[in-house]
file input_18.pdb (PDB, C-alpha atoms)
ATOM      1  CA  MET E   1      94.057 -85.027  24.136  1.00  0.00           C
ATOM      2  CA  ASN E   2      94.814 -81.324  24.372  1.00  0.00           C
ATOM      3  CA  ILE E   3      97.961 -80.827  26.446  1.00  0.00           C
ATOM      4  CA  LEU E   4      96.136 -78.414  28.759  1.00  0.00           C
ATOM      5  CA  ASP E   5      93.715 -81.192  29.705  1.00  0.00           C
ATOM      6  CA  SER E   6      96.590 -83.167  31.242  1.00  0.00           C
ATOM      7  CA  PHE E   7      96.972 -80.452  33.891  1.00  0.00           C
ATOM      8  CA  LYS E   8      93.374 -80.806  35.078  1.00  0.00           C
ATOM      9  CA  LEU E   9      92.680 -82.467  38.423  1.00  0.00           C
ATOM     10  CA  ASP E  10      88.945 -83.015  38.015  1.00  0.00           C
ATOM     11  CA  GLY E  11      87.644 -85.739  40.313  1.00  0.00           C
ATOM     12  CA  LYS E  12      90.836 -85.892  42.378  1.00  0.00           C
ATOM     13  CA  THR E  13      91.167 -85.514  46.151  1.00  0.00           C
ATOM     14  CA  ALA E  14      94.184 -83.799  47.660  1.00  0.00           C
ATOM     15  CA  VAL E  15      95.442 -83.834  51.250  1.00  0.00           C
ATOM     16  CA  VAL E  16      97.508 -80.733  52.012  1.00  0.00           C
ATOM     17  CA  THR E  17      99.245 -80.245  55.355  1.00  0.00           C
ATOM     18  CA  GLY E  18      99.879 -76.767  56.683  1.00  0.00           C
ATOM     19  CA  ALA E  19      97.014 -75.585  54.478  1.00  0.00           C
ATOM     20  CA  GLY E  20      95.777 -72.812  56.755  1.00  0.00           C
ATOM     21  CA  ARG E  21      98.251 -70.164  55.606  1.00  0.00           C
ATOM     22  CA  GLY E  22     101.318 -69.406  53.530  1.00  0.00           C
ATOM     23  CA  LEU E  23     102.534 -71.859  50.923  1.00  0.00           C
ATOM     24  CA  GLY E  24     100.114 -74.593  51.983  1.00  0.00           C
ATOM     25  CA  GLN E  25      97.170 -72.269  51.560  1.00  0.00           C
ATOM     26  CA  GLY E  26      98.364 -71.217  48.117  1.00  0.00           C
ATOM     27  CA  ILE E  27      98.855 -74.836  47.071  1.00  0.00           C
ATOM     28  CA  ALA E  28      95.430 -75.910  48.361  1.00  0.00           C
ATOM     29  CA  ILE E  29      93.695 -73.113  46.446  1.00  0.00           C
ATOM     30  CA  ALA E  30      95.648 -73.868  43.266  1.00  0.00           C
ATOM     31  CA  LEU E  31      94.796 -77.585  43.390  1.00  0.00           C
ATOM     32  CA  ALA E  32      91.125 -76.677  43.811  1.00  0.00           C
ATOM     33  CA  GLN E  33      91.293 -74.273  40.876  1.00  0.00           C
ATOM     34  CA  ALA E  34      92.646 -77.187  38.829  1.00  0.00           C
ATOM     35  CA  GLY E  35      89.668 -79.340  39.876  1.00  0.00           C
ATOM     36  CA  ALA E  36      90.583 -81.186  43.092  1.00  0.00           C
ATOM     37  CA  ASP E  37      88.643 -81.437  46.333  1.00  0.00           C
ATOM     38  CA  VAL E  38      90.855 -80.646  49.313  1.00  0.00           C
ATOM     39  CA  LEU E  39      91.300 -81.929  52.838  1.00  0.00           C
ATOM     40  CA  GLY E  40      93.458 -79.376  54.632  1.00  0.00           C
ATOM     41  CA  VAL E  41      95.416 -80.178  57.779  1.00  0.00           C
ATOM     42  CA  GLY E  42      96.794 -77.783  60.382  1.00  0.00           C
ATOM     43  CA  THR E  43      96.805 -76.736  64.020  1.00  0.00           C
ATOM     44  CA  ALA E  44      94.252 -73.912  63.817  1.00  0.00           C
ATOM     45  CA  GLU E  45      90.614 -74.313  64.833  1.00  0.00           C
ATOM     46  CA  ASN E  46      89.583 -73.676  61.239  1.00  0.00           C
ATOM     47  CA  ALA E  47      90.941 -72.477  57.923  1.00  0.00           C
ATOM     48  CA  LYS E  48      88.262 -70.094  56.711  1.00  0.00           C
ATOM     49  CA  GLU E  49      90.745 -68.090  54.649  1.00  0.00           C
ATOM     50  CA  THR E  50      91.579 -71.257  52.713  1.00  0.00           C
ATOM     51  CA  GLN E  51      88.106 -72.755  52.713  1.00  0.00           C
ATOM     52  CA  ALA E  52      86.379 -69.751  51.117  1.00  0.00           C
ATOM     53  CA  PRO E  53      88.531 -69.527  47.976  1.00  0.00           C
ATOM     54  CA  VAL E  54      88.565 -73.322  47.587  1.00  0.00           C
ATOM     55  CA  GLU E  55      84.774 -73.517  47.741  1.00  0.00           C
ATOM     56  CA  LYS E  56      84.511 -70.510  45.415  1.00  0.00           C
ATOM     57  CA  THR E  57      85.994 -72.752  42.716  1.00  0.00           C
ATOM     58  CA  GLY E  58      83.105 -75.181  43.218  1.00  0.00           C
ATOM     59  CA  ARG E  59      85.288 -77.785  44.885  1.00  0.00           C
ATOM     60  CA  LYS E  60      84.768 -79.300  48.338  1.00  0.00           C
ATOM     61  CA  PHE E  61      86.929 -78.450  51.335  1.00  0.00           C
ATOM     62  CA  MET E  62      87.321 -80.156  54.688  1.00  0.00           C
ATOM     63  CA  TRP E  63      89.531 -79.054  57.565  1.00  0.00           C
ATOM     64  CA  LYS E  64      91.268 -81.540  59.871  1.00  0.00           C
ATOM     65  CA  ARG E  65      92.821 -80.040  62.972  1.00  0.00           C
ATOM     66  CA  ALA E  66      96.003 -81.921  63.866  1.00  0.00           C
ATOM     67  CA  ASN E  67      99.451 -81.257  65.304  1.00  0.00           C
ATOM     68  CA  LEU E  68     101.913 -83.129  63.117  1.00  0.00           C
ATOM     69  CA  VAL E  69     104.854 -82.765  65.507  1.00  0.00           C
ATOM     70  CA  SER E  70     103.585 -86.236  66.420  1.00  0.00           C
ATOM     71  CA  CYS E  71     102.790 -89.036  63.961  1.00  0.00           C
ATOM     72  CA  GLU E  72      99.684 -89.944  65.972  1.00  0.00           C
ATOM     73  CA  PRO E  73      97.186 -88.038  63.727  1.00  0.00           C
ATOM     74  CA  VAL E  74      98.403 -89.584  60.451  1.00  0.00           C
ATOM     75  CA  ALA E  75      96.072 -92.592  60.275  1.00  0.00           C
ATOM     76  CA  GLY E  76      93.065 -90.457  61.186  1.00  0.00           C
ATOM     77  CA  ILE E  77      93.818 -87.952  58.434  1.00  0.00           C
ATOM     78  CA  PHE E  78      93.594 -90.618  55.750  1.00  0.00           C
ATOM     79  CA  ASP E  79      90.591 -92.299  57.353  1.00  0.00           C
ATOM     80  CA  GLU E  80      88.804 -88.924  57.330  1.00  0.00           C
ATOM     81  CA  ALA E  81      89.758 -88.192  53.746  1.00  0.00           C
ATOM     82  CA  VAL E  82      88.530 -91.558  52.485  1.00  0.00           C
ATOM     83  CA  LYS E  83      85.342 -91.350  54.560  1.00  0.00           C
ATOM     84  CA  THR E  84      84.561 -87.873  53.220  1.00  0.00           C
ATOM     85  CA  PHE E  85      85.722 -88.069  49.613  1.00  0.00           C
ATOM     86  CA  GLY E  86      85.964 -91.814  48.937  1.00  0.00           C
ATOM     87  CA  HIS E  87      89.586 -91.769  47.801  1.00  0.00           C
ATOM     88  CA  VAL E  88      92.903 -89.901  48.000  1.00  0.00           C
ATOM     89  CA  ASP E  89      94.935 -89.096  44.902  1.00  0.00           C
ATOM     90  CA  ILE E  90      97.374 -86.331  45.884  1.00  0.00           C
ATOM     91  CA  VAL E  91      99.252 -85.693  49.122  1.00  0.00           C
ATOM     92  CA  VAL E  92     101.227 -82.501  49.699  1.00  0.00           C
ATOM     93  CA  ASN E  93     103.473 -82.514  52.764  1.00  0.00           C
ATOM     94  CA  ASN E  94     103.899 -78.810  53.356  1.00  0.00           C
ATOM     95  CA  ALA E  95     103.713 -78.485  57.160  1.00  0.00           C
ATOM     96  CA  GLY E  96     107.050 -77.538  58.661  1.00  0.00           C
ATOM     97  CA  ILE E  97     108.826 -75.452  61.274  1.00  0.00           C
ATOM     98  CA  ILE E  98     112.226 -73.831  61.676  1.00  0.00           C
ATOM     99  CA  ARG E  99     114.333 -72.989  64.724  1.00  0.00           C
ATOM    100  CA  ARG E 100     117.269 -70.576  64.511  1.00  0.00           C
ATOM    101  CA  SER E 101     120.362 -70.677  66.685  1.00  0.00           C
ATOM    102  CA  ASP E 102     124.114 -71.083  66.283  1.00  0.00           C
ATOM    103  CA  ALA E 103     124.992 -74.762  65.962  1.00  0.00           C
ATOM    104  CA  VAL E 104     127.164 -74.626  69.094  1.00  0.00           C
ATOM    105  CA  ASP E 105     124.153 -73.461  71.134  1.00  0.00           C
ATOM    106  CA  PHE E 106     121.435 -75.574  69.489  1.00  0.00           C
ATOM    107  CA  THR E 107     119.199 -77.453  71.917  1.00  0.00           C
ATOM    108  CA  GLU E 108     117.972 -81.020  71.788  1.00  0.00           C
ATOM    109  CA  SER E 109     114.334 -79.921  71.920  1.00  0.00           C
ATOM    110  CA  ASP E 110     114.801 -77.612  68.923  1.00  0.00           C
ATOM    111  CA  TRP E 111     116.447 -80.484  67.078  1.00  0.00           C
ATOM    112  CA  ASP E 112     113.693 -82.975  67.901  1.00  0.00           C
ATOM    113  CA  ASP E 113     110.734 -80.684  67.197  1.00  0.00           C
ATOM    114  CA  VAL E 114     111.959 -79.803  63.717  1.00  0.00           C
ATOM    115  CA  ILE E 115     113.061 -83.306  62.743  1.00  0.00           C
ATOM    116  CA  ASN E 116     109.846 -84.837  64.047  1.00  0.00           C
ATOM    117  CA  LEU E 117     107.575 -82.596  61.981  1.00  0.00           C
ATOM    118  CA  ASN E 118     109.683 -81.883  58.917  1.00  0.00           C
ATOM    119  CA  LEU E 119     111.039 -85.386  58.349  1.00  0.00           C
ATOM    120  CA  LYS E 120     109.600 -88.110  60.600  1.00  0.00           C
ATOM    121  CA  THR E 121     105.916 -87.231  60.218  1.00  0.00           C
ATOM    122  CA  LEU E 122     106.480 -86.401  56.556  1.00  0.00           C
ATOM    123  CA  PHE E 123     107.748 -89.941  55.994  1.00  0.00           C
ATOM    124  CA  PHE E 124     104.805 -91.553  57.742  1.00  0.00           C
ATOM    125  CA  MET E 125     102.373 -89.324  55.833  1.00  0.00           C
ATOM    126  CA  CYS E 126     104.007 -90.555  52.624  1.00  0.00           C
ATOM    127  CA  GLN E 127     103.855 -94.154  53.834  1.00  0.00           C
ATOM    128  CA  ALA E 128     100.143 -93.818  54.624  1.00  0.00           C
ATOM    129  CA  ALA E 129      99.558 -92.212  51.230  1.00  0.00           C
ATOM    130  CA  ALA E 130     101.405 -94.998  49.410  1.00  0.00           C
ATOM    131  CA  ARG E 131      99.427 -97.663  51.280  1.00  0.00           C
ATOM    132  CA  GLN E 132      96.167 -95.940  50.308  1.00  0.00           C
ATOM    133  CA  PHE E 133      97.221 -95.567  46.674  1.00  0.00           C
ATOM    134  CA  ILE E 134      98.213 -99.242  46.522  1.00  0.00           C
ATOM    135  CA  LYS E 135      94.932-100.271  48.159  1.00  0.00           C
ATOM    136  CA  GLN E 136      92.988 -98.207  45.617  1.00  0.00           C
ATOM    137  CA  LYS E 137      95.120 -99.596  42.752  1.00  0.00           C
ATOM    138  CA  SER E 138      94.965 -96.076  41.399  1.00  0.00           C
ATOM    139  CA  GLY E 139      98.487 -94.749  41.660  1.00  0.00           C
ATOM    140  CA  GLY E 140      98.905 -91.293  43.123  1.00  0.00           C
ATOM    141  CA  LYS E 141     101.027 -88.199  43.540  1.00  0.00           C
ATOM    142  CA  ILE E 142     103.176 -87.337  46.550  1.00  0.00           C
ATOM    143  CA  ILE E 143     104.610 -83.820  46.693  1.00  0.00           C
ATOM    144  CA  ASN E 144     106.994 -82.993  49.516  1.00  0.00           C
ATOM    145  CA  ILE E 145     108.093 -79.459  50.294  1.00  0.00           C
ATOM    146  CA  ALA E 146     111.857 -79.292  50.421  1.00  0.00           C
ATOM    147  CA  SER E 147     114.022 -76.136  50.568  1.00  0.00           C
ATOM    148  CA  MET E 148     117.071 -74.366  49.221  1.00  0.00           C
ATOM    149  CA  LEU E 149     118.736 -76.054  52.197  1.00  0.00           C
ATOM    150  CA  SER E 150     118.078 -79.393  50.543  1.00  0.00           C
ATOM    151  CA  PHE E 151     121.013 -78.317  48.353  1.00  0.00           C
ATOM    152  CA  GLN E 152     122.981 -76.017  50.670  1.00  0.00           C
ATOM    153  CA  GLY E 153     124.125 -75.943  54.278  1.00  0.00           C
ATOM    154  CA  GLY E 154     122.863 -72.555  55.359  1.00  0.00           C
ATOM    155  CA  ILE E 155     123.661 -71.061  58.766  1.00  0.00           C
ATOM    156  CA  ARG E 156     122.024 -71.189  62.208  1.00  0.00           C
ATOM    157  CA  VAL E 157     119.387 -73.772  61.231  1.00  0.00           C
ATOM    158  CA  PRO E 158     121.022 -77.174  61.782  1.00  0.00           C
ATOM    159  CA  SER E 159     117.878 -79.236  62.331  1.00  0.00           C
ATOM    160  CA  TYR E 160     116.049 -77.534  59.458  1.00  0.00           C
ATOM    161  CA  THR E 161     118.982 -78.168  57.113  1.00  0.00           C
ATOM    162  CA  ALA E 162     119.143 -81.809  58.188  1.00  0.00           C
ATOM    163  CA  SER E 163     115.400 -82.263  57.746  1.00  0.00           C
ATOM    164  CA  LYS E 164     115.227 -80.664  54.317  1.00  0.00           C
ATOM    165  CA  GLY E 165     118.289 -82.522  53.060  1.00  0.00           C
ATOM    166  CA  GLY E 166     116.515 -85.653  54.217  1.00  0.00           C
ATOM    167  CA  VAL E 167     113.304 -84.686  52.425  1.00  0.00           C
ATOM    168  CA  ARG E 168     115.133 -84.522  49.111  1.00  0.00           C
ATOM    169  CA  THR E 169     116.857 -87.905  49.373  1.00  0.00           C
ATOM    170  CA  LEU E 170     113.876 -89.601  51.014  1.00  0.00           C
ATOM    171  CA  THR E 171     111.740 -88.464  48.083  1.00  0.00           C
ATOM    172  CA  MET E 172     114.222 -90.177  45.770  1.00  0.00           C
ATOM    173  CA  LEU E 173     113.968 -93.406  47.764  1.00  0.00           C
ATOM    174  CA  MET E 174     110.164 -93.306  47.567  1.00  0.00           C
ATOM    175  CA  ALA E 175     110.343 -92.955  43.804  1.00  0.00           C
ATOM    176  CA  ASN E 176     112.696 -95.941  43.617  1.00  0.00           C
ATOM    177  CA  GLU E 177     110.382 -98.165  45.665  1.00  0.00           C
ATOM    178  CA  TRP E 178     106.914 -96.981  44.659  1.00  0.00           C
ATOM    179  CA  ALA E 179     107.131 -96.141  40.957  1.00  0.00           C
ATOM    180  CA  LYS E 180     106.093 -99.738  40.203  1.00  0.00           C
ATOM    181  CA  TYR E 181     102.735 -98.899  41.830  1.00  0.00           C
ATOM    182  CA  ASN E 182     102.247 -95.886  39.535  1.00  0.00           C
ATOM    183  CA  ILE E 183     103.088 -93.558  42.425  1.00  0.00           C
ATOM    184  CA  ASN E 184     105.052 -90.398  41.686  1.00  0.00           C
ATOM    185  CA  ALA E 185     107.029 -88.932  44.584  1.00  0.00           C
ATOM    186  CA  ASN E 186     108.561 -85.532  43.907  1.00  0.00           C
ATOM    187  CA  ALA E 187     109.452 -82.429  45.889  1.00  0.00           C
ATOM    188  CA  ILE E 188     109.336 -78.680  45.465  1.00  0.00           C
ATOM    189  CA  ALA E 189     112.197 -76.648  46.885  1.00  0.00           C
ATOM    190  CA  PRO E 190     110.899 -73.103  47.414  1.00  0.00           C
ATOM    191  CA  GLY E 191     113.416 -70.312  47.362  1.00  0.00           C
ATOM    192  CA  TYR E 192     113.211 -67.470  49.840  1.00  0.00           C
ATOM    193  CA  MET E 193     109.487 -66.977  50.302  1.00  0.00           C
ATOM    194  CA  ALA E 194     107.625 -64.226  52.129  1.00  0.00           C
ATOM    195  CA  THR E 195     106.128 -66.533  54.782  1.00  0.00           C
ATOM    196  CA  ASP E 196     106.167 -66.810  58.568  1.00  0.00           C
ATOM    197  CA  ASN E 197     109.315 -68.957  58.416  1.00  0.00           C
ATOM    198  CA  THR E 198     111.304 -66.100  56.872  1.00  0.00           C
ATOM    199  CA  ARG E 199     109.897 -63.219  58.908  1.00  0.00           C
ATOM    200  CA  ASP E 200     113.073 -62.892  60.989  1.00  0.00           C
ATOM    201  CA  LEU E 201     115.205 -62.757  57.865  1.00  0.00           C
ATOM    202  CA  ARG E 202     112.992 -60.207  56.149  1.00  0.00           C
ATOM    203  CA  GLU E 203     113.009 -57.988  59.228  1.00  0.00           C
ATOM    204  CA  ASP E 204     116.831 -58.138  59.433  1.00  0.00           C
ATOM    205  CA  LYS E 205     117.785 -55.368  56.982  1.00  0.00           C
ATOM    206  CA  GLY E 206     121.301 -56.664  56.357  1.00  0.00           C
ATOM    207  CA  ARG E 207     120.291 -60.291  55.823  1.00  0.00           C
ATOM    208  CA  SER E 208     117.325 -59.312  53.686  1.00  0.00           C
ATOM    209  CA  GLU E 209     119.460 -57.156  51.411  1.00  0.00           C
ATOM    210  CA  ALA E 210     122.064 -59.922  51.103  1.00  0.00           C
ATOM    211  CA  ILE E 211     119.418 -62.488  50.170  1.00  0.00           C
ATOM    212  CA  LEU E 212     117.673 -60.250  47.645  1.00  0.00           C
ATOM    213  CA  GLY E 213     121.027 -59.343  46.157  1.00  0.00           C
ATOM    214  CA  ARG E 214     121.582 -62.973  45.197  1.00  0.00           C
ATOM    215  CA  ILE E 215     118.131 -63.659  43.753  1.00  0.00           C
ATOM    216  CA  PRO E 216     118.166 -62.852  40.016  1.00  0.00           C
ATOM    217  CA  ALA E 217     114.406 -62.199  40.150  1.00  0.00           C
ATOM    218  CA  GLY E 218     115.129 -59.477  42.722  1.00  0.00           C
ATOM    219  CA  ARG E 219     112.239 -60.265  45.068  1.00  0.00           C
ATOM    220  CA  TRP E 220     110.970 -62.658  47.716  1.00  0.00           C
ATOM    221  CA  GLY E 221     108.757 -65.428  46.411  1.00  0.00           C
ATOM    222  CA  THR E 222     105.042 -65.778  47.155  1.00  0.00           C
ATOM    223  CA  PRO E 223     102.646 -68.719  47.559  1.00  0.00           C
ATOM    224  CA  GLU E 224     101.359 -67.956  44.059  1.00  0.00           C
ATOM    225  CA  ASP E 225     104.837 -68.683  42.702  1.00  0.00           C
ATOM    226  CA  ILE E 226     104.576 -72.254  43.986  1.00  0.00           C
ATOM    227  CA  ALA E 227     101.065 -72.876  42.635  1.00  0.00           C
ATOM    228  CA  GLY E 228     101.990 -73.862  39.093  1.00  0.00           C
ATOM    229  CA  ALA E 229     104.682 -76.296  40.190  1.00  0.00           C
ATOM    230  CA  ALA E 230     102.274 -77.980  42.615  1.00  0.00           C
ATOM    231  CA  VAL E 231      99.521 -78.378  40.032  1.00  0.00           C
ATOM    232  CA  PHE E 232     102.021 -79.668  37.475  1.00  0.00           C
ATOM    233  CA  LEU E 233     103.488 -82.329  39.783  1.00  0.00           C
ATOM    234  CA  ALA E 234      99.993 -83.355  40.917  1.00  0.00           C
ATOM    235  CA  SER E 235      98.772 -83.802  37.352  1.00  0.00           C
ATOM    236  CA  SER E 236      99.134 -86.433  34.658  1.00  0.00           C
ATOM    237  CA  ALA E 237     101.398 -83.992  32.809  1.00  0.00           C
ATOM    238  CA  ALA E 238     104.107 -85.062  35.293  1.00  0.00           C
ATOM    239  CA  ASP E 239     103.533 -88.823  35.064  1.00  0.00           C
ATOM    240  CA  TYR E 240     107.131 -89.484  33.949  1.00  0.00           C
ATOM    241  CA  ILE E 241     108.737 -87.257  36.577  1.00  0.00           C
ATOM    242  CA  ASN E 242     109.719 -89.177  39.692  1.00  0.00           C
ATOM    243  CA  GLY E 243     112.197 -88.619  42.514  1.00  0.00           C
ATOM    244  CA  TYR E 244     112.976 -85.068  41.438  1.00  0.00           C
ATOM    245  CA  THR E 245     113.209 -81.931  43.540  1.00  0.00           C
ATOM    246  CA  LEU E 246     112.072 -78.889  41.567  1.00  0.00           C
ATOM    247  CA  ALA E 247     113.541 -75.588  42.712  1.00  0.00           C
ATOM    248  CA  VAL E 248     111.172 -72.613  42.535  1.00  0.00           C
ATOM    249  CA  ASP E 249     113.653 -70.008  43.636  1.00  0.00           C
ATOM    250  CA  GLY E 250     113.762 -66.983  41.356  1.00  0.00           C
ATOM    251  CA  GLY E 251     117.169 -68.174  40.148  1.00  0.00           C
ATOM    252  CA  TRP E 252     118.846 -68.456  43.579  1.00  0.00           C
ATOM    253  CA  LEU E 253     120.631 -71.747  42.799  1.00  0.00           C
ATOM    254  CA  ALA E 254     121.826 -70.430  39.455  1.00  0.00           C
ATOM    255  CA  ARG E 255     123.758 -67.540  41.030  1.00  0.00           C
TER     256      ARG E 255
END
call {"tool": "encode", "arguments": {"input": "input_18.pdb", "output": "structure tokens"}}
result
Amino acid sequence: MNILDSFKLDGKTAVVTGAGRGLGQGIAIALAQAGADVLGVGTAENAKETQAPVEKTGRKFMWKRANLVSCEPVAGIFDEAVKTFGHVDIVVNNAGIIRRSDAVDFTESDWDDVINLNLKTLFFMCQAAARQFIKQKSGGKIINIASMLSFQGGIRVPSYTASKGGVRTLTMLMANEWAKYNINANAIAPGYMATDNTRDLREDKGRSEAILGRIPAGRWGTPEDIAGAAVFLASSAADYINGYTLAVDGGWLAR
């Protein structure tokens, strides 16, 4: 088999959370370009800006409106995916939020909201995916979106740091338990990306300059920078990669 064929996702179905914009949108489009049908999940009424480029590739797209601050929608997401496409092969847990405040002032609600979405719901999405993969006897790919703060402490984002540190180690646990079912659980740790989550940083001239000064690539990342990593980890080319968090950071961790 030609090595390039191992990156193809023809006939696969992917569930991508937070697919209406930003990194999730970029990942959904990239998976479709590689051959996968996509069920996108998010809080908006629709995701026309994701749907159009996905369908332009000739792949199918379905939008599931759901607020993943609660675990309640998880079962319905997988029921809908199986009903529509017949199977699920790839799950990308991209949905996430961030709250900024000094640790001494951080509120319980800001802690709970971030942990619930970024870590609790992520786990139960992975659990539902693993159960579906095992039921199908097909194996599958789980891709969690981690962060630079899976490796570092950061400042003024205590619940985000805790959640993303948890994503990294939880992904390792999933690999340990589910590899025997031919399930690969990996994570992508984006560097500083030009998304809604970093708007405050990008608009703060001093912080923005400090961040860019440490990135060897000299620029903020984009959703397109994540696309190749997502397709790779979703494909058979990554069958022997499990429990790993891949940094896509322009060299940030190397500095």
call {"tool": "resolve_selection", "arguments": {"input": "input_18.pdb", "expression": "the PyMOL selection byres ((chain E and resi 183) around 6)", "output": "ChimeraX atom specification"}}
result
/E:139-141,178-179,181-182,184
call {"tool": "closest_residue", "arguments": {"input": "input_18.pdb", "among": "E:Thr169, E:Ser159, E:Gln127, E:Gln152", "to": "Ala75 (chain E)", "atoms": "only C-alpha atoms"}}
result
E:Gln127
call {"tool": "resolve_selection", "arguments": {"input": "input_18.pdb", "expression": "the PyMOL selection byres ((chain E and resi 77) around 10)", "output": "PyMOL selection string"}}
result
chain E and resi 15+17+39-41+63-66+72-76+78-83+125+128
call {"tool": "closest_residue", "arguments": {"input": "input_18.pdb", "among": "E:Phe151, E:Ile143, E:Asn197, E:Asp204", "to": "Asn242 (chain E)", "atoms": "all atoms listed in the file"}}
result
E:Ile143
call {"tool": "atom_distance", "arguments": {"input": "input_18.pdb", "atom1": "CA of Arg131 (chain E)", "atom2": "CA of His87 (chain E)"}}
result
12.0 Å
call {"tool": "resolve_selection", "arguments": {"input": "input_18.pdb", "expression": "the PyMOL selection byres ((chain E and resi 21) around 12)", "output": "JSON, numbers by chain"}}
result
{"E": [16, 17, 18, 19, 20, 22, 23, 24, 25, 26, 27, 28, 29, 40, 41, 42, 43, 44, 46, 47, 48, 49, 50, 51, 94, 95, 96, 194, 195, 196, 197, 222, 223]}
call {"tool": "closest_residue", "arguments": {"input": "input_18.pdb", "among": "E:Cys126, E:Asp249, E:Ser138, E:Lys164", "to": "Ala229 (chain E)", "atoms": "only C-alpha atoms"}}
result
E:Asp249
call {"tool": "closest_residue", "arguments": {"input": "input_18.pdb", "among": "E:Ser235, E:Asn176, E:Thr245, E:Thr121", "to": "Asp10 (chain E)", "atoms": "all atoms listed in the file"}}
result
E:Ser235
call {"tool": "atom_distance", "arguments": {"input": "input_18.pdb", "atom1": "CA of Glu209 (chain E)", "atom2": "CA of Ala254 (chain E)"}}
result
18.0 Å
call {"tool": "build_atoms", "arguments": {"input": "input_18.pdb", "residues": "region 221-234 of chain E", "atoms": "N, CA and C atoms", "output": "PDB file, in the coordinates of the input"}}
result
ATOM      1  N   GLY E 221     109.816 -64.677  47.059  1.00  0.00           N
ATOM      2  CA  GLY E 221     108.757 -65.428  46.411  1.00  0.00           C
ATOM      3  C   GLY E 221     107.450 -65.343  47.179  1.00  0.00           C
ATOM      4  N   THR E 222     106.373 -65.793  46.554  1.00  0.00           N
ATOM      5  CA  THR E 222     105.042 -65.778  47.155  1.00  0.00           C
ATOM      6  C   THR E 222     104.404 -67.159  46.994  1.00  0.00           C
ATOM      7  N   PRO E 223     103.354 -67.444  47.752  1.00  0.00           N
ATOM      8  CA  PRO E 223     102.646 -68.719  47.559  1.00  0.00           C
ATOM      9  C   PRO E 223     102.181 -68.919  46.120  1.00  0.00           C
ATOM     10  N   GLU E 224     101.810 -67.839  45.444  1.00  0.00           N
ATOM     11  CA  GLU E 224     101.359 -67.956  44.059  1.00  0.00           C
ATOM     12  C   GLU E 224     102.471 -68.470  43.144  1.00  0.00           C
ATOM     13  N   ASP E 225     103.722 -68.204  43.514  1.00  0.00           N
ATOM     14  CA  ASP E 225     104.837 -68.683  42.702  1.00  0.00           C
ATOM     15  C   ASP E 225     104.988 -70.198  42.756  1.00  0.00           C
ATOM     16  N   ILE E 226     104.473 -70.807  43.819  1.00  0.00           N
ATOM     17  CA  ILE E 226     104.576 -72.254  43.986  1.00  0.00           C
ATOM     18  C   ILE E 226     103.408 -72.973  43.303  1.00  0.00           C
ATOM     19  N   ALA E 227     102.322 -72.257  43.072  1.00  0.00           N
ATOM     20  CA  ALA E 227     101.065 -72.876  42.635  1.00  0.00           C
ATOM     21  C   ALA E 227     101.219 -73.704  41.354  1.00  0.00           C
ATOM     22  N   GLY E 228     101.865 -73.149  40.365  1.00  0.00           N
ATOM     23  CA  GLY E 228     101.990 -73.862  39.093  1.00  0.00           C
ATOM     24  C   GLY E 228     102.785 -75.144  39.216  1.00  0.00           C
ATOM     25  N   ALA E 229     103.860 -75.098  39.991  1.00  0.00           N
ATOM     26  CA  ALA E 229     104.682 -76.296  40.190  1.00  0.00           C
ATOM     27  C   ALA E 229     103.889 -77.389  40.891  1.00  0.00           C
ATOM     28  N   ALA E 230     103.071 -76.997  41.878  1.00  0.00           N
ATOM     29  CA  ALA E 230     102.274 -77.980  42.615  1.00  0.00           C
ATOM     30  C   ALA E 230     101.232 -78.630  41.714  1.00  0.00           C
ATOM     31  N   VAL E 231     100.533 -77.829  40.938  1.00  0.00           N
ATOM     32  CA  VAL E 231      99.521 -78.378  40.032  1.00  0.00           C
ATOM     33  C   VAL E 231     100.175 -79.288  39.000  1.00  0.00           C
ATOM     34  N   PHE E 232     101.298 -78.857  38.463  1.00  0.00           N
ATOM     35  CA  PHE E 232     102.021 -79.668  37.475  1.00  0.00           C
ATOM     36  C   PHE E 232     102.393 -81.035  38.044  1.00  0.00           C
ATOM     37  N   LEU E 233     103.039 -81.061  39.214  1.00  0.00           N
ATOM     38  CA  LEU E 233     103.488 -82.329  39.783  1.00  0.00           C
ATOM     39  C   LEU E 233     102.329 -83.208  40.239  1.00  0.00           C
ATOM     40  N   ALA E 234     101.171 -82.597  40.519  1.00  0.00           N
ATOM     41  CA  ALA E 234      99.993 -83.355  40.917  1.00  0.00           C
ATOM     42  C   ALA E 234      99.229 -83.921  39.732  1.00  0.00           C
TER      43      ALA E 234
END
